[in-house]
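Q: Quick one: the structure is below, questions incoming.
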Amino acid sequence: MTKRALITGITGQDGSYLAEFLLEHDYEVLGMVRRSSTVNFERIAHIQDRITFVPGDLLDEISMIQILRQYRPQEVYNLAAQSFVQTSFGQPVLTGETTGLGVTRLLDAIRLVDPDIRFYQASSSEMFGKVHEVPQVETTQFHPRSPYGVAKVYGHWITLNYRESYDLHATSGILFNHESPRRGLEFVTRKISHGVAQIKTGATDELRLGNLDAQRDWGFAGDYVEAMWLMLQQDKPEDFVICTGETHSVREFCEVAFGHAGLNWEDHVTVDEQFMRPAEVDLLVGDSTKAHHLLGWKPQTTFAELVTMMVDADLDLLRGKLKGIS
């Protein structure tokens, strides 16, 4: 029997890769989208005609109850959130409503409509924040350093609470930073790859960044969505850290990105205080041994492959635009 899955946040980076993955595995894919006159389907334009879009909002539990009653999905992947850390400092209440309480509304809708639905919650390495141990594992203490991280901790714990209270198959994937050519331009990795492309094509000669010493465990989003799916195929719901186990600084990202385009990053990068966080997360690096053993999952894309993939994609994008103009 064909499985049916609901993805919230389907128009985002992770949603687009997950939708592709599920369609390849013969799922019927439902995508929850908020009612808007300007919904951006750019990331899923190539598969848009194979997805059933349903109106709903994490701020409105009734809309999610109606979706579940009408379409009866067997799996729900909650990827929707206010997911930009910097924005969460300026909009902490909205971030809490969507990224935190939105999880509760969706879990409660599942509890009321069909407790047999399998639920995936997109937790985040930002929950570790000011880290208490290196590397971080499933049992590492949380110490979030942003309203986004705090909201993700709430979403993580409410998922565990509903699992234990109502016997739901509810799982959280604690995903470390995962990037791709589909990443939004506001994120530092895409800001770098796009900046390199702009400099290489002569559109600008400077890239302004914040903390170059911040270190992250960066992987490819296309690899990580497989782990999401594998979690919901397990007999027993558990939480998993998903990561590469390697850490690289923003400076290293710049070195590889600019170097791939034949440029010297030091000639073009300027540190700008306006891009510094009020409370910085200095070092994130995970240990996904549990996922290796229980899910059989390992990342397939190296750091260098990820960076060069993103630079090549942005170079193709900008060159295509320039060709269209000429």
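So you can find residues: chains in the structure tokens are A, B, ... in the order shown, residues in each start at 1, and ligands are numbered from 1 in order.
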Using DSSP on the backbone coordinates, identify the residues of segment 169-322 of chain A assigned to helix (DSSP H, G or I); present them as a ChimeraX atom specification.
A: /A:188-200,221-232,250-260,265-267,273-275,289-295,303-322
Q: Would you write out, as a tab-separated table, a table of all residues in segment 155-228 of chain A that have an atom no more than 12 Å from an atom of segment 115-135 of chain A, listing for each the closest atom pair and the distance in Å to one decimal, considering only C-alpha atoms and ordering rows by chain and rising residue number?
A:
```
residue	atom	partner	partner_atom	distance
A:Gly155	CA	A:Ser123	CA	7.3
A:His156	CA	A:Ser123	CA	6.0
A:Trp157	CA	A:Ser123	CA	9.7
A:Ile158	CA	A:Gln121	CA	9.9
A:Thr159	CA	A:Gln121	CA	7.2
A:Leu160	CA	A:Gln121	CA	9.9
A:Tyr162	CA	A:Pro115	CA	10.2
A:Arg163	CA	A:Phe119	CA	9.6
A:Ser165	CA	A:Pro115	CA	11.5
A:Tyr166	CA	A:Pro115	CA	7.9
A:Asp167	CA	A:Pro115	CA	7.9
A:Leu168	CA	A:Pro115	CA	6.0
A:His169	CA	A:Arg118	CA	5.0
A:Ala170	CA	A:Phe119	CA	4.6
A:Thr171	CA	A:Tyr120	CA	5.0
A:Ser172	CA	A:Gln121	CA	4.6
A:Gly173	CA	A:Ser123	CA	5.4
A:Ile174	CA	A:Ser123	CA	4.6
A:Leu175	CA	A:Ser124	CA	5.1
A:Phe176	CA	A:Ser125	CA	4.8
A:Asn177	CA	A:Ser125	CA	7.2
A:His178	CA	A:Ser124	CA	10.2
A:Ala214	CA	A:Gly129	CA	11.8
A:Gln215	CA	A:Gly129	CA	11.8
A:Arg216	CA	A:Ser125	CA	9.5
A:Asp217	CA	A:Ser125	CA	9.2
A:Trp218	CA	A:Ser125	CA	10.9
A:Tyr224	CA	A:Ala122	CA	11.1
A:Val225	CA	A:Ala122	CA	10.4
A:Ala227	CA	A:Tyr120	CA	10.6
A:Met228	CA	A:Tyr120	CA	7.1
```
Q: Quick check for you: according to DSSP on this backbone, which residues of segment 30-186 of chain A are classed as strand (DSSP E or B)? Reply as a ChimeraX atom specification.
A: /A:30-33,51-55,57,60,75-78,118-124,136,169-175,178-179
Q: Using only C-alpha atoms, determine which residues lie at most 8 Å from Val196 of chain A, disregarding the query and same-chain residues fewer than 5 positions distant; provide the list as a list in words.
A: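 Near Val196 of chain A, the qualifying residues are Ala257, Phe258, Ala261 and Val311 of chain A.
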Q: Grab the residues selected above and save them as a PDB file, in the first residue's frame with C-alpha atoms.
A:
```pdb
ATOM      1  CA  ALA A 257      34.891  28.451  -1.254  1.00  0.00           C
ATOM      2  CA  PHE A 258      37.126  31.261  -2.497  1.00  0.00           C
ATOM      3  CA  ALA A 261      36.879  29.922  -7.574  1.00  0.00           C
ATOM      4  CA  VAL A 311      29.889  27.579  -5.063  1.00  0.00           C
TER       5      VAL A 311
END
```
Q: Could you check how far atom CA of Met231 of chain A sits from atom CA of Leu295 of chain A, in Å to one decimal?
A: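 Going from atom CA of Met231 of chain A over to atom CA of Leu295 of chain A, I get 7.0 Å.
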